[in-house]
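Asks: Structure: data.cif, mmCIF, C-alpha atoms.
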data_entry
#
loop_
_atom_site.group_PDB
_atom_site.id
_atom_site.type_symbol
_atom_site.label_atom_id
_atom_site.label_comp_id
_atom_site.auth_asym_id
_atom_site.auth_seq_id
_atom_site.Cartn_x
_atom_site.Cartn_y
_atom_site.Cartn_z
ATOM 1 C CA MET A 1011 -24.026 -4.389 10.811
ATOM 2 C CA LYS A 1012 -24.050 -2.380 7.589
ATOM 3 C CA GLN A 1013 -24.280 -4.421 4.376
ATOM 4 C CA PHE A 1014 -22.041 -3.589 1.434
ATOM 5 C CA ALA A 1015 -22.485 -4.546 -2.207
ATOM 6 C CA ALA A 1016 -19.548 -6.782 -3.126
ATOM 7 C CA LEU A 1017 -16.646 -5.077 -4.864
ATOM 8 C CA LEU A 1018 -15.670 -7.382 -7.704
ATOM 9 C CA ARG A 1019 -13.137 -7.388 -10.511
ATOM 10 C CA LYS A 1020 -14.269 -7.034 -14.101
ATOM 11 C CA ASP A 1021 -14.039 -10.814 -14.466
ATOM 12 C CA ASN A 1022 -16.501 -11.088 -11.555
ATOM 13 C CA GLN A 1023 -13.841 -12.609 -9.337
ATOM 14 C CA PRO A 1024 -13.280 -11.238 -5.822
ATOM 15 C CA VAL A 1025 -10.773 -8.389 -5.504
ATOM 16 C CA ARG A 1026 -7.502 -9.803 -4.108
ATOM 17 C CA TYR A 1027 -5.890 -7.892 -1.251
ATOM 18 C CA LEU A 1028 -2.480 -7.802 0.419
ATOM 19 C CA VAL A 1029 -2.819 -6.549 4.003
ATOM 20 C CA VAL A 1030 0.340 -5.031 5.503
ATOM 21 C CA ASP A 1031 0.485 -4.021 9.176
ATOM 22 C CA ASP A 1032 2.830 -4.967 11.999
ATOM 23 C CA SER A 1033 -0.156 -5.356 14.321
ATOM 24 C CA VAL A 1034 -1.965 -8.689 13.989
ATOM 25 C CA PHE A 1035 -4.908 -6.980 15.641
ATOM 26 C CA ALA A 1036 -5.042 -4.263 12.954
ATOM 27 C CA ARG A 1037 -4.694 -6.857 10.171
ATOM 28 C CA LYS A 1038 -7.624 -8.840 11.593
ATOM 29 C CA ASN A 1039 -9.781 -5.708 11.588
ATOM 30 C CA LEU A 1040 -8.941 -4.949 7.965
ATOM 31 C CA ILE A 1041 -9.493 -8.577 6.946
ATOM 32 C CA LYS A 1042 -12.927 -8.484 8.564
ATOM 33 C CA MET A 1043 -13.798 -5.423 6.453
ATOM 34 C CA ILE A 1044 -12.389 -6.988 3.273
ATOM 35 C CA GLU A 1045 -14.664 -9.985 3.836
ATOM 36 C CA MET A 1046 -17.615 -7.607 4.339
ATOM 37 C CA PHE A 1047 -16.779 -6.117 0.911
ATOM 38 C CA GLY A 1048 -16.693 -9.555 -0.757
ATOM 39 C CA GLY A 1049 -12.917 -9.504 -1.203
ATOM 40 C CA GLU A 1050 -10.266 -12.171 -0.841
ATOM 41 C CA VAL A 1051 -7.171 -11.828 1.342
ATOM 42 C CA ALA A 1052 -4.393 -13.136 -0.894
ATOM 43 C CA GLY A 1053 -1.595 -12.338 1.546
ATOM 44 C CA GLU A 1054 -0.500 -10.660 4.754
ATOM 45 C CA ALA A 1055 2.741 -9.023 5.842
ATOM 46 C CA GLY A 1056 4.004 -7.470 9.059
ATOM 47 C CA ASP A 1057 6.696 -5.201 7.609
ATOM 48 C CA GLY A 1058 7.692 -3.432 4.399
ATOM 49 C CA LEU A 1059 10.286 -5.973 3.267
ATOM 50 C CA THR A 1060 7.861 -8.894 3.546
ATOM 51 C CA ALA A 1061 5.235 -6.772 1.797
ATOM 52 C CA ILE A 1062 7.493 -6.362 -1.249
ATOM 53 C CA ALA A 1063 8.169 -10.110 -1.393
ATOM 54 C CA GLU A 1064 4.479 -10.903 -0.990
ATOM 55 C CA PHE A 1065 3.504 -8.393 -3.685
ATOM 56 C CA ASN A 1066 5.896 -10.033 -6.147
ATOM 57 C CA ARG A 1067 4.549 -13.459 -5.234
ATOM 58 C CA ILE A 1068 0.796 -12.814 -5.374
ATOM 59 C CA THR A 1069 0.394 -9.568 -7.421
ATOM 60 C CA PRO A 1070 -2.716 -8.423 -5.552
ATOM 61 C CA ASP A 1071 -5.309 -6.022 -6.941
ATOM 62 C CA ILE A 1072 -5.042 -3.790 -3.864
ATOM 63 C CA VAL A 1073 -2.515 -3.338 -1.066
ATOM 64 C CA LEU A 1074 -3.601 -1.916 2.291
ATOM 65 C CA MET A 1075 -0.344 -0.594 3.786
ATOM 66 C CA ASP A 1076 0.445 0.663 7.281
ATOM 67 C CA ILE A 1077 3.147 3.357 7.592
ATOM 68 C CA THR A 1078 5.017 2.805 10.855
ATOM 69 C CA MET A 1079 6.457 -0.706 10.820
ATOM 70 C CA PRO A 1080 9.703 -2.430 11.834
ATOM 71 C CA GLN A 1081 12.490 -3.240 9.334
ATOM 72 C CA MET A 1082 11.054 -1.146 6.523
ATOM 73 C CA GLU A 1083 8.353 1.498 6.832
ATOM 74 C CA GLY A 1084 5.313 1.591 4.575
ATOM 75 C CA ILE A 1085 6.293 4.654 2.538
ATOM 76 C CA GLU A 1086 9.614 3.109 1.482
ATOM 77 C CA ALA A 1087 7.839 -0.157 0.629
ATOM 78 C CA VAL A 1088 5.387 1.793 -1.555
ATOM 79 C CA GLU A 1089 8.265 3.423 -3.417
ATOM 80 C CA ARG A 1090 9.952 0.077 -4.094
ATOM 81 C CA ILE A 1091 6.761 -1.692 -5.155
ATOM 82 C CA VAL A 1092 5.672 1.130 -7.479
ATOM 83 C CA ARG A 1093 9.172 1.291 -9.010
ATOM 84 C CA GLN A 1094 8.733 -2.319 -10.151
ATOM 85 C CA HIS A 1095 4.955 -2.311 -10.684
ATOM 86 C CA ALA A 1096 3.831 1.127 -11.877
ATOM 87 C CA SER A 1097 0.142 0.162 -11.829
ATOM 88 C CA ALA A 1098 0.169 -1.103 -8.220
ATOM 89 C CA ARG A 1099 -2.819 0.171 -6.292
ATOM 90 C CA ILE A 1100 -1.765 0.895 -2.731
ATOM 91 C CA VAL A 1101 -3.925 2.495 -0.051
ATOM 92 C CA MET A 1102 -2.113 3.731 3.051
ATOM 93 C CA VAL A 1103 -3.826 2.890 6.344
ATOM 94 C CA SER A 1104 -2.287 4.633 9.335
ATOM 95 C CA SER A 1105 -3.212 6.331 12.587
ATOM 96 C CA VAL A 1106 -0.646 9.042 11.815
ATOM 97 C CA GLY A 1107 -2.390 11.184 9.239
ATOM 98 C CA TYR A 1108 -0.565 14.473 9.047
ATOM 99 C CA GLN A 1109 0.027 16.309 5.814
ATOM 100 C CA GLU A 1110 3.727 15.451 5.393
ATOM 101 C CA ASN A 1111 3.082 11.731 5.756
ATOM 102 C CA ILE A 1112 0.165 11.753 3.343
ATOM 103 C CA LEU A 1113 2.057 13.807 0.774
ATOM 104 C CA ALA A 1114 5.147 11.605 1.047
ATOM 105 C CA ALA A 1115 3.053 8.464 0.517
ATOM 106 C CA LEU A 1116 1.208 9.947 -2.475
ATOM 107 C CA GLN A 1117 4.451 11.203 -4.006
ATOM 108 C CA LYS A 1118 5.912 7.694 -3.759
ATOM 109 C CA GLY A 1119 2.934 6.275 -5.612
ATOM 110 C CA ALA A 1120 0.205 5.450 -3.085
ATOM 111 C CA LYS A 1121 -3.286 5.992 -4.485
ATOM 112 C CA HIS A 1122 -5.077 7.042 -1.320
ATOM 113 C CA PHE A 1123 -4.881 7.386 2.434
ATOM 114 C CA VAL A 1124 -7.241 6.357 5.232
ATOM 115 C CA GLN A 1125 -6.736 7.162 8.894
ATOM 116 C CA LYS A 1126 -7.215 4.644 11.730
ATOM 117 C CA PRO A 1127 -9.557 3.828 13.324
ATOM 118 C CA VAL A 1128 -10.889 2.801 9.933
ATOM 119 C CA LYS A 1129 -14.605 3.197 9.325
ATOM 120 C CA PRO A 1130 -15.841 0.426 6.991
ATOM 121 C CA GLU A 1131 -17.961 2.846 4.949
ATOM 122 C CA VAL A 1132 -14.969 5.176 4.433
ATOM 123 C CA LEU A 1133 -12.656 2.342 3.381
ATOM 124 C CA TYR A 1134 -15.353 0.963 1.068
ATOM 125 C CA GLU A 1135 -15.718 4.286 -0.768
ATOM 126 C CA ILE A 1136 -11.945 4.660 -1.070
ATOM 127 C CA LEU A 1137 -11.565 1.129 -2.455
ATOM 128 C CA ARG A 1138 -14.412 1.723 -4.873
ATOM 129 C CA TYR A 1139 -12.696 4.885 -6.071
ATOM 130 C CA VAL A 1140 -9.221 3.346 -6.313
ATOM 131 C CA LEU A 1141 -10.481 0.235 -8.109
ATOM 132 C CA SER A 1142 -12.256 2.296 -10.728
ATOM 133 C CA ASP A 1143 -9.382 4.769 -11.012
ATOM 134 C CA ASP A 1144 -7.354 3.123 -13.767
ATOM 135 C CA PRO A 1145 -9.365 1.964 -16.800
ATOM 136 C CA ASN A 1146 -6.381 0.003 -18.142
ATOM 137 C CA ALA A 1147 -5.690 -1.941 -14.981
ATOM 138 C CA VAL A 1148 -6.709 -5.578 -14.687
ATOM 139 C CA GLY A 1149 -10.219 -5.855 -13.390
ATOM 140 C CA SER A 1150 -11.183 -2.213 -13.934
ATOM 141 C CA PRO A 1151 -13.605 -0.635 -14.063
ATOM 142 C CA VAL A 1152 -14.762 -2.343 -10.930
ATOM 143 C CA ALA A 1153 -18.055 -4.160 -11.018
ATOM 144 C CA PHE A 1154 -20.406 -4.353 -8.085
ATOM 145 C CA ALA A 1155 -22.325 -7.556 -7.482
ATOM 146 C CA GLY A 1156 -25.820 -7.231 -8.901
ATOM 147 C CA GLU A 1157 -24.896 -4.278 -11.110
ATOM 148 C CA HIS A 1158 -25.409 -4.440 -14.873
ATOM 149 C CA ARG A 1159 -22.959 -2.661 -17.102
ATOM 150 C CA SER A 1160 -23.604 -2.019 -20.763
ATOM 151 C CA MET B 421 2.265 21.315 31.469
ATOM 152 C CA ARG B 422 0.332 23.307 28.879
ATOM 153 C CA MET B 423 -3.273 22.360 28.164
ATOM 154 C CA GLU B 424 -2.795 23.003 24.416
ATOM 155 C CA LEU B 425 -0.396 20.040 24.413
ATOM 156 C CA ILE B 426 -2.738 17.808 26.380
ATOM 157 C CA GLN B 427 -6.033 18.559 24.657
ATOM 158 C CA PRO B 428 -5.208 16.742 21.382
ATOM 159 C CA PHE B 429 -4.473 13.556 23.357
ATOM 160 C CA ILE B 430 -7.750 13.789 25.274
ATOM 161 C CA ASN B 431 -9.717 14.476 22.094
ATOM 162 C CA ALA B 432 -7.970 11.652 20.226
ATOM 163 C CA ALA B 433 -8.497 9.093 23.014
ATOM 164 C CA ASP B 434 -12.159 10.012 23.263
ATOM 165 C CA ALA B 435 -12.621 9.838 19.483
ATOM 166 C CA VAL B 436 -10.657 6.594 18.982
ATOM 167 C CA PHE B 437 -12.509 4.688 21.706
ATOM 168 C CA SER B 438 -15.978 5.982 20.805
ATOM 169 C CA GLU B 439 -15.327 5.330 17.107
ATOM 170 C CA SER B 440 -13.797 1.879 17.623
ATOM 171 C CA LEU B 441 -16.438 0.713 20.096
ATOM 172 C CA GLN B 442 -19.287 2.453 18.235
ATOM 173 C CA ALA B 443 -20.572 3.834 21.534
ATOM 174 C CA PRO B 444 -20.262 7.063 23.490
ATOM 175 C CA THR B 445 -17.393 7.488 25.949
ATOM 176 C CA LYS B 446 -17.052 9.945 28.831
ATOM 177 C CA ILE B 447 -14.117 11.539 30.621
ATOM 178 C CA VAL B 448 -14.953 10.818 34.247
ATOM 179 C CA ASP B 449 -11.797 11.897 36.048
ATOM 180 C CA LEU B 450 -8.807 14.119 35.403
ATOM 181 C CA GLU B 451 -6.016 14.683 37.927
ATOM 182 C CA MET B 452 -2.373 15.688 38.204
ATOM 183 C CA ASP B 453 -0.031 12.994 39.420
ATOM 184 C CA GLN B 454 3.454 13.870 40.671
ATOM 185 C CA GLU B 455 4.411 10.437 41.888
ATOM 186 C CA ALA B 456 5.837 7.446 40.039
ATOM 187 C CA TYR B 457 3.252 5.946 37.738
ATOM 188 C CA ARG B 458 1.381 3.041 39.251
ATOM 189 C CA ARG B 459 0.084 0.807 36.534
ATOM 190 C CA LYS B 460 -3.554 -0.253 36.788
ATOM 191 C CA GLY B 461 -3.469 -3.034 34.223
ATOM 192 C CA VAL B 462 -1.611 -3.575 30.962
ATOM 193 C CA ALA B 463 0.159 -0.376 29.960
ATOM 194 C CA ALA B 464 1.521 0.753 26.596
ATOM 195 C CA LEU B 465 4.118 3.511 26.923
ATOM 196 C CA ILE B 466 4.848 5.630 23.857
ATOM 197 C CA ALA B 467 7.746 8.078 23.878
ATOM 198 C CA ILE B 468 7.698 11.299 21.853
ATOM 199 C CA LYS B 469 10.812 13.297 20.920
ATOM 200 C CA GLY B 470 11.076 16.530 18.947
ATOM 201 C CA ASP B 471 9.558 20.016 19.383
ATOM 202 C CA ILE B 472 7.565 18.392 22.187
ATOM 203 C CA GLU B 473 9.026 15.669 24.372
ATOM 204 C CA GLY B 474 7.479 13.317 26.846
ATOM 205 C CA ARG B 475 5.515 10.151 27.008
ATOM 206 C CA VAL B 476 1.963 8.878 26.988
ATOM 207 C CA ILE B 477 0.777 5.732 28.733
ATOM 208 C CA LEU B 478 -2.449 3.978 27.835
ATOM 209 C CA ASP B 479 -3.513 1.663 30.622
ATOM 210 C CA LEU B 480 -6.298 -0.952 30.516
ATOM 211 C CA SER B 481 -7.076 -3.892 32.760
ATOM 212 C CA PRO B 482 -6.726 -7.253 30.938
ATOM 213 C CA GLU B 483 -10.505 -7.734 31.287
ATOM 214 C CA VAL B 484 -11.241 -4.396 29.620
ATOM 215 C CA ALA B 485 -8.675 -5.105 26.877
ATOM 216 C CA LEU B 486 -10.363 -8.437 26.183
ATOM 217 C CA LYS B 487 -13.799 -6.794 25.988
ATOM 218 C CA VAL B 488 -12.410 -4.163 23.583
ATOM 219 C CA ALA B 489 -10.823 -6.911 21.437
ATOM 220 C CA SER B 490 -14.117 -8.859 21.358
ATOM 221 C CA GLN B 491 -16.094 -5.733 20.479
ATOM 222 C CA LEU B 492 -13.731 -4.947 17.610
ATOM 223 C CA ALA B 493 -13.692 -8.536 16.369
ATOM 224 C CA GLY B 494 -17.494 -8.700 16.497
ATOM 225 C CA THR B 495 -17.240 -11.981 18.358
ATOM 226 C CA GLU B 496 -15.992 -13.150 21.743
ATOM 227 C CA VAL B 497 -12.214 -13.435 21.713
ATOM 228 C CA ALA B 498 -10.509 -16.127 23.811
ATOM 229 C CA ALA B 499 -8.408 -14.699 26.636
ATOM 230 C CA SER B 500 -4.678 -14.740 26.004
ATOM 231 C CA GLU B 501 -1.729 -12.552 26.869
ATOM 232 C CA GLN B 502 -1.092 -11.961 23.177
ATOM 233 C CA VAL B 503 -4.622 -10.687 22.502
ATOM 234 C CA VAL B 504 -4.422 -8.330 25.483
ATOM 235 C CA ARG B 505 -0.983 -7.084 24.427
ATOM 236 C CA GLU B 506 -2.055 -6.570 20.791
ATOM 237 C CA THR B 507 -5.230 -4.748 21.796
ATOM 238 C CA VAL B 508 -3.510 -2.309 24.150
ATOM 239 C CA CYS B 509 -0.723 -1.673 21.611
ATOM 240 C CA GLU B 510 -3.056 -0.983 18.722
ATOM 241 C CA MET B 511 -5.388 1.243 20.741
ATOM 242 C CA ALA B 512 -2.332 3.190 21.990
ATOM 243 C CA ASN B 513 -1.021 3.490 18.433
ATOM 244 C CA MET B 514 -4.334 4.867 17.236
ATOM 245 C CA VAL B 515 -4.656 7.360 20.107
ATOM 246 C CA ILE B 516 -1.091 8.614 19.683
ATOM 247 C CA GLY B 517 -1.300 8.650 15.892
ATOM 248 C CA ASN B 518 -4.456 10.745 15.934
ATOM 249 C CA SER B 519 -3.005 13.086 18.590
ATOM 250 C CA VAL B 520 0.258 13.707 16.764
ATOM 251 C CA THR B 521 -1.695 14.339 13.576
ATOM 252 C CA LEU B 522 -3.542 17.164 15.339
ATOM 253 C CA LEU B 523 -0.338 18.541 16.884
ATOM 254 C CA ASN B 524 1.618 18.227 13.643
ATOM 255 C CA ASP B 525 -1.033 20.171 11.768
ATOM 256 C CA GLN B 526 -0.586 22.902 14.432
ATOM 257 C CA GLY B 527 3.104 23.125 13.521
ATOM 258 C CA PHE B 528 4.764 20.818 16.059
ATOM 259 C CA HIS B 529 7.228 18.298 14.666
ATOM 260 C CA PHE B 530 8.392 15.205 16.471
ATOM 261 C CA LYS B 531 9.050 11.499 16.232
ATOM 262 C CA VAL B 532 6.853 8.895 17.875
ATOM 263 C CA PHE B 533 8.435 5.654 19.039
ATOM 264 C CA PRO B 534 6.791 2.212 18.937
ATOM 265 C CA PRO B 535 4.864 1.300 22.100
ATOM 266 C CA GLU B 536 6.560 -0.508 24.968
ATOM 267 C CA ILE B 537 4.203 -2.874 26.726
ATOM 268 C CA HIS B 538 4.360 -3.272 30.501
ATOM 269 C CA MET B 539 2.549 -6.278 31.926
ATOM 270 C CA ASP B 540 4.862 -7.495 34.672
ATOM 271 C CA GLU B 541 4.860 -6.513 38.318
ATOM 272 C CA THR B 542 7.642 -3.923 38.078
ATOM 273 C CA GLY B 543 6.864 -0.201 37.768
ATOM 274 C CA LEU B 544 7.506 2.020 34.776
ATOM 275 C CA ALA B 545 11.120 3.122 34.706
ATOM 276 C CA GLY B 546 11.840 6.821 34.344
ATOM 277 C CA SER B 547 8.404 7.986 35.395
ATOM 278 C CA ALA B 548 9.275 8.938 38.974
ATOM 279 C CA ASP B 549 10.303 12.539 38.275
ATOM 280 C CA THR B 550 7.548 13.366 35.820
ATOM 281 C CA GLU B 551 4.479 15.433 36.552
ATOM 282 C CA ALA B 552 1.687 13.805 34.620
ATOM 283 C CA LEU B 553 -1.971 14.298 33.862
ATOM 284 C CA VAL B 554 -4.046 11.168 34.399
ATOM 285 C CA ILE B 555 -7.335 10.919 32.557
ATOM 286 C CA CYS B 556 -9.931 8.244 33.184
ATOM 287 C CA ILE B 557 -12.228 7.533 30.243
ATOM 288 C CA GLU B 558 -15.406 5.546 30.792
ATOM 289 C CA THR B 559 -16.230 3.229 27.900
ATOM 290 C CA PRO B 560 -18.886 0.514 27.525
ATOM 291 C CA CYS B 561 -16.066 -2.036 28.038
ATOM 292 C CA GLY B 562 -14.829 -0.432 31.280
ATOM 293 C CA ASN B 563 -12.478 2.359 32.275
ATOM 294 C CA VAL B 564 -9.303 3.161 30.366
ATOM 295 C CA TYR B 565 -6.568 5.447 31.685
ATOM 296 C CA LEU B 566 -4.368 7.871 29.808
ATOM 297 C CA ASN B 567 -1.302 9.233 31.575
ATOM 298 C CA ILE B 568 0.344 12.160 29.784
ATOM 299 C CA ALA B 569 3.642 13.851 30.631
ATOM 300 C CA MET B 570 4.713 16.354 28.000
ATOM 301 C CA HIS B 571 6.755 19.537 27.694
ATOM 302 C CA TYR B 572 7.966 21.914 24.989
ATOM 303 C CA LEU B 573 11.521 21.409 23.893
ATOM 304 C CA ARG B 574 11.454 24.068 21.192
ATOM 305 C CA ARG B 575 8.998 26.695 20.102
ATOM 306 C CA ARG B 576 6.930 25.920 17.080
ATOM 307 C CA ARG B 577 8.672 26.498 13.777
ATOM 308 C CA GLN B 578 6.500 29.445 12.726
ATOM 309 C CA GLU B 579 6.957 31.063 16.139
ATOM 310 C CA ARG B 580 10.723 30.686 15.843
ATOM 311 C CA ASN B 581 10.608 32.142 12.346
ATOM 312 C CA ALA B 582 8.370 35.007 13.437
ATOM 313 C CA VAL B 583 10.983 36.654 15.699
ATOM 314 C CA PRO B 584 10.793 40.383 14.791
ATOM 315 C CA ALA B 585 13.837 41.851 13.071
ATOM 316 C CA LEU B 586 15.795 44.463 15.001
ATOM 317 C CA ASP B 587 16.023 47.962 13.501
#
Can I see the file as structure tokens?

Replies:
Amino acid sequence: MKQFAALLRKDNQPVRYLVVDDSVFARKNLIKMIEMFGGEVAGEAGDGLTAIAEFNRITPDIVLMDITMPQMEGIEAVERIVRQHASARIVMVSSVGYQENILAALQKGAKHFVQKPVKPEVLYEILRYVLSDDPNAVGSPVAFAGEHRS
Amino acid sequence: MRMELIQPFINAADAVFSESLQAPTKIVDLEMDQEAYRRKGVAALIAIKGDIEGRVILDLSPEVALKVASQLAGTEVAASEQVVRETVCEMANMVIGNSVTLLNDQGFHFKVFPPEIHMDETGLAGSADTEALVICIETPCGNVYLNIAMHYLRRRRQERNAVPALD
């Protein structure tokens, strides 16, 4: 199995994730990857409404958000979260990856998109990019375990 | 049934299983089926409505589903109906999602419905009158079956818009 340098916050604490997917199976897969990247799963949700509540409760560093879910779909959840938390960093994770979906998610405030099945190395690079994207956000720029920054 | 509608599903199923299992897969059988669908194991049926209408069934035996789940988890997963159900659903979601992405980028627009799981002894309702293509894909975990019944409801948007003007 490929080894990844841990993605850490600026305070050297693990990056905290909220994993949102109606499939327990898909959540387990993402959680396995998060652990490979040295992260911490702060919360899970199976629909958009629960995701909003969980975001408010745990304020994660990163949200991994599915699109097609019961009760409230991922794109609407993104819009509502970003309306309240402009600096929220949300990465869409969906098997449906056509242009309209991606554009809609980005327009609502998602930072990136990754198509299922998720390759760990692809997700890792996206997380690395998204975590270092906003120099004013808590924990940015991201530090990698073993790296020295001057 | 037009091959241009079917090919994205075949390509997506092949790609999703080989990518997820990190091993090559092979299409070992492909046949037309005009009779009611006879389930081979646990089946996830996904309906599609829009420019193209129809349904796709992904069918795995519980043993194969369990092997797929264990392979994806990186450890042996205890057998349970829930694990089997979850595995078949998620694999079906990924296959359909990747297929509709390819079709959507070609200009077809439609809505995909959440998968219905069929595990009991009864057949699949509404499949009796449908001509379907059945594809058997060989994977390291065992064979998986894809049953596709699809037809055009409307021409693609750009084709509709490209009707020549009359002089």

Asks: State, in Å with one decimal place, the distance from CA of Pro535 (chain B) to CA of Glu510 (chain B).

Replies: 8.9 Å

Asks: Please evaluate the PyMOL selection byres ((chain B and resi 441) around 8) against the structure above and give the resulting residues as an MDAnalysis selection string.

Replies: chainID B and resid 437:440 442:443 488 491:492 560

Asks: Write the residues of the preceding selection, restricted to C-alpha atoms, as a PDB file, keeping the file's coordinate frame.

Replies:
ATOM      1  CA  PHE B 437     -12.509   4.688  21.706  1.00  0.00           C
ATOM      2  CA  SER B 438     -15.978   5.982  20.805  1.00  0.00           C
ATOM      3  CA  GLU B 439     -15.327   5.330  17.107  1.00  0.00           C
ATOM      4  CA  SER B 440     -13.797   1.879  17.623  1.00  0.00           C
ATOM      5  CA  GLN B 442     -19.287   2.453  18.235  1.00  0.00           C
ATOM      6  CA  ALA B 443     -20.572   3.834  21.534  1.00  0.00           C
ATOM      7  CA  VAL B 488     -12.410  -4.163  23.583  1.00  0.00           C
ATOM      8  CA  GLN B 491     -16.094  -5.733  20.479  1.00  0.00           C
ATOM      9  CA  LEU B 492     -13.731  -4.947  17.610  1.00  0.00           C
ATOM     10  CA  PRO B 560     -18.886   0.514  27.525  1.00  0.00           C
TER      11      PRO B 560
END

Asks: Identify all chain B residues at most 7 Å from chain A by counting all atoms listed in the file; ligands do not count. Present them as a list of chain:residue names.

Replies: B:Val436, B:Ser440, B:Ala493, B:Glu506, B:Thr507, B:Glu510, B:Asn513, B:Met514, B:Gly517, B:Asn518, B:Val520, B:Thr521, B:Asn524, B:Asp525

Asks: Under the PyMOL selection byres ((chain B and resi 508) around 12), which residues of this model are included? Write them out as a PyMOL selection string.

Replies: (chain A and resi 1033+1035-1036) or (chain B and resi 437+461-466+477-489+501-507+509-515+535-539+564-566)

Asks: Extract, using all atoms listed in the file, all DNA, RNA and protein residues at most 9 Å from Glu1086 (chain A), discarding same-chain residues fewer than 4 positions from it, and format them as a ChimeraX atom specification.

Replies: /A:1058,1077,1082,1090-1091,1115,1118

Asks: Within 12 Å of Ala1061 (chain A), counting all atoms listed in the file, which residues qualify if same-chain residues fewer than 5 places away don't, as JSON, numbers by chain?

Replies: {"A": [1027, 1028, 1029, 1030, 1031, 1032, 1052, 1053, 1054, 1055, 1056, 1066, 1067, 1068, 1069, 1070, 1073, 1074, 1075, 1076, 1077, 1079, 1080, 1081, 1082, 1083, 1084, 1085, 1086, 1087, 1088, 1089, 1090, 1091, 1100]}

Asks: Could you dump the residues just selected with C-alpha atoms as a compact mmCIF listing (two decimals), in the coordinates of the input?

Replies:
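Output file part-v9.txt is given in full below:
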# COMPACT_ATOMS: atom_id res chain seq x y z
CA TYR A 1027 -5.89 -7.89 -1.25
CA LEU A 1028 -2.48 -7.80 0.42
CA VAL A 1029 -2.82 -6.55 4.00
CA VAL A 1030 0.34 -5.03 5.50
CA ASP A 1031 0.48 -4.02 9.18
CA ASP A 1032 2.83 -4.97 12.00
CA ALA A 1052 -4.39 -13.14 -0.89
CA GLY A 1053 -1.60 -12.34 1.55
CA GLU A 1054 -0.50 -10.66 4.75
CA ALA A 1055 2.74 -9.02 5.84
CA GLY A 1056 4.00 -7.47 9.06
CA ASN A 1066 5.90 -10.03 -6.15
CA ARG A 1067 4.55 -13.46 -5.23
CA ILE A 1068 0.80 -12.81 -5.37
CA THR A 1069 0.39 -9.57 -7.42
CA PRO A 1070 -2.72 -8.42 -5.55
CA VAL A 1073 -2.52 -3.34 -1.07
CA LEU A 1074 -3.60 -1.92 2.29
CA MET A 1075 -0.34 -0.59 3.79
CA ASP A 1076 0.44 0.66 7.28
CA ILE A 1077 3.15 3.36 7.59
CA MET A 1079 6.46 -0.71 10.82
CA PRO A 1080 9.70 -2.43 11.83
CA GLN A 1081 12.49 -3.24 9.33
CA MET A 1082 11.05 -1.15 6.52
CA GLU A 1083 8.35 1.50 6.83
CA GLY A 1084 5.31 1.59 4.58
CA ILE A 1085 6.29 4.65 2.54
CA GLU A 1086 9.61 3.11 1.48
CA ALA A 1087 7.84 -0.16 0.63
CA VAL A 1088 5.39 1.79 -1.56
CA GLU A 1089 8.26 3.42 -3.42
CA ARG A 1090 9.95 0.08 -4.09
CA ILE A 1091 6.76 -1.69 -5.16
CA ILE A 1100 -1.76 0.90 -2.73

Asks: Rounded to one decimal place, report the CA of Val1140 (chain A)-CA of Glu1064 (chain A) distance in Å.

Replies: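 If I compute the distance from CA of Val1140 (chain A) to CA of Glu1064 (chain A), I get 20.5 Å.
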
Asks: Could N, CA, C and O atoms be built for region 1015-1022 of chain A and written out as an mmCIF file, in the frame of the given file?

Replies:
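The new file out.cif reads:
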data_model
loop_
_atom_site.group_PDB
_atom_site.id
_atom_site.type_symbol
_atom_site.label_atom_id
_atom_site.label_comp_id
_atom_site.auth_asym_id
_atom_site.auth_seq_id
_atom_site.Cartn_x
_atom_site.Cartn_y
_atom_site.Cartn_z
ATOM 1 N N ALA A 1015 -22.472 -3.808 -0.941
ATOM 2 C CA ALA A 1015 -22.485 -4.546 -2.207
ATOM 3 C C ALA A 1015 -21.053 -5.001 -2.481
ATOM 4 O O ALA A 1015 -20.105 -4.243 -2.244
ATOM 5 N N ALA A 1016 -20.903 -6.243 -2.934
ATOM 6 C CA ALA A 1016 -19.548 -6.782 -3.126
ATOM 7 C C ALA A 1016 -18.784 -5.985 -4.181
ATOM 8 O O ALA A 1016 -19.327 -5.657 -5.239
ATOM 9 N N LEU A 1017 -17.537 -5.685 -3.874
ATOM 10 C CA LEU A 1017 -16.646 -5.077 -4.864
ATOM 11 C C LEU A 1017 -15.976 -6.221 -5.614
ATOM 12 O O LEU A 1017 -15.280 -7.032 -5.000
ATOM 13 N N LEU A 1018 -16.222 -6.283 -6.914
ATOM 14 C CA LEU A 1018 -15.670 -7.382 -7.704
ATOM 15 C C LEU A 1018 -14.797 -6.860 -8.829
ATOM 16 O O LEU A 1018 -14.931 -5.710 -9.248
ATOM 17 N N ARG A 1019 -13.925 -7.739 -9.333
ATOM 18 C CA ARG A 1019 -13.137 -7.388 -10.511
ATOM 19 C C ARG A 1019 -14.022 -7.484 -11.748
ATOM 20 O O ARG A 1019 -15.134 -8.003 -11.680
ATOM 21 N N LYS A 1020 -13.493 -7.010 -12.858
ATOM 22 C CA LYS A 1020 -14.269 -7.034 -14.101
ATOM 23 C C LYS A 1020 -14.633 -8.464 -14.498
ATOM 24 O O LYS A 1020 -15.689 -8.715 -15.100
ATOM 25 N N ASP A 1021 -13.756 -9.413 -14.130
ATOM 26 C CA ASP A 1021 -14.039 -10.814 -14.466
ATOM 27 C C ASP A 1021 -14.944 -11.481 -13.425
ATOM 28 O O ASP A 1021 -15.061 -12.704 -13.388
ATOM 29 N N ASN A 1022 -15.568 -10.637 -12.586
ATOM 30 C CA ASN A 1022 -16.501 -11.088 -11.555
ATOM 31 C C ASN A 1022 -15.852 -11.916 -10.450
ATOM 32 O O ASN A 1022 -16.562 -12.542 -9.655
#
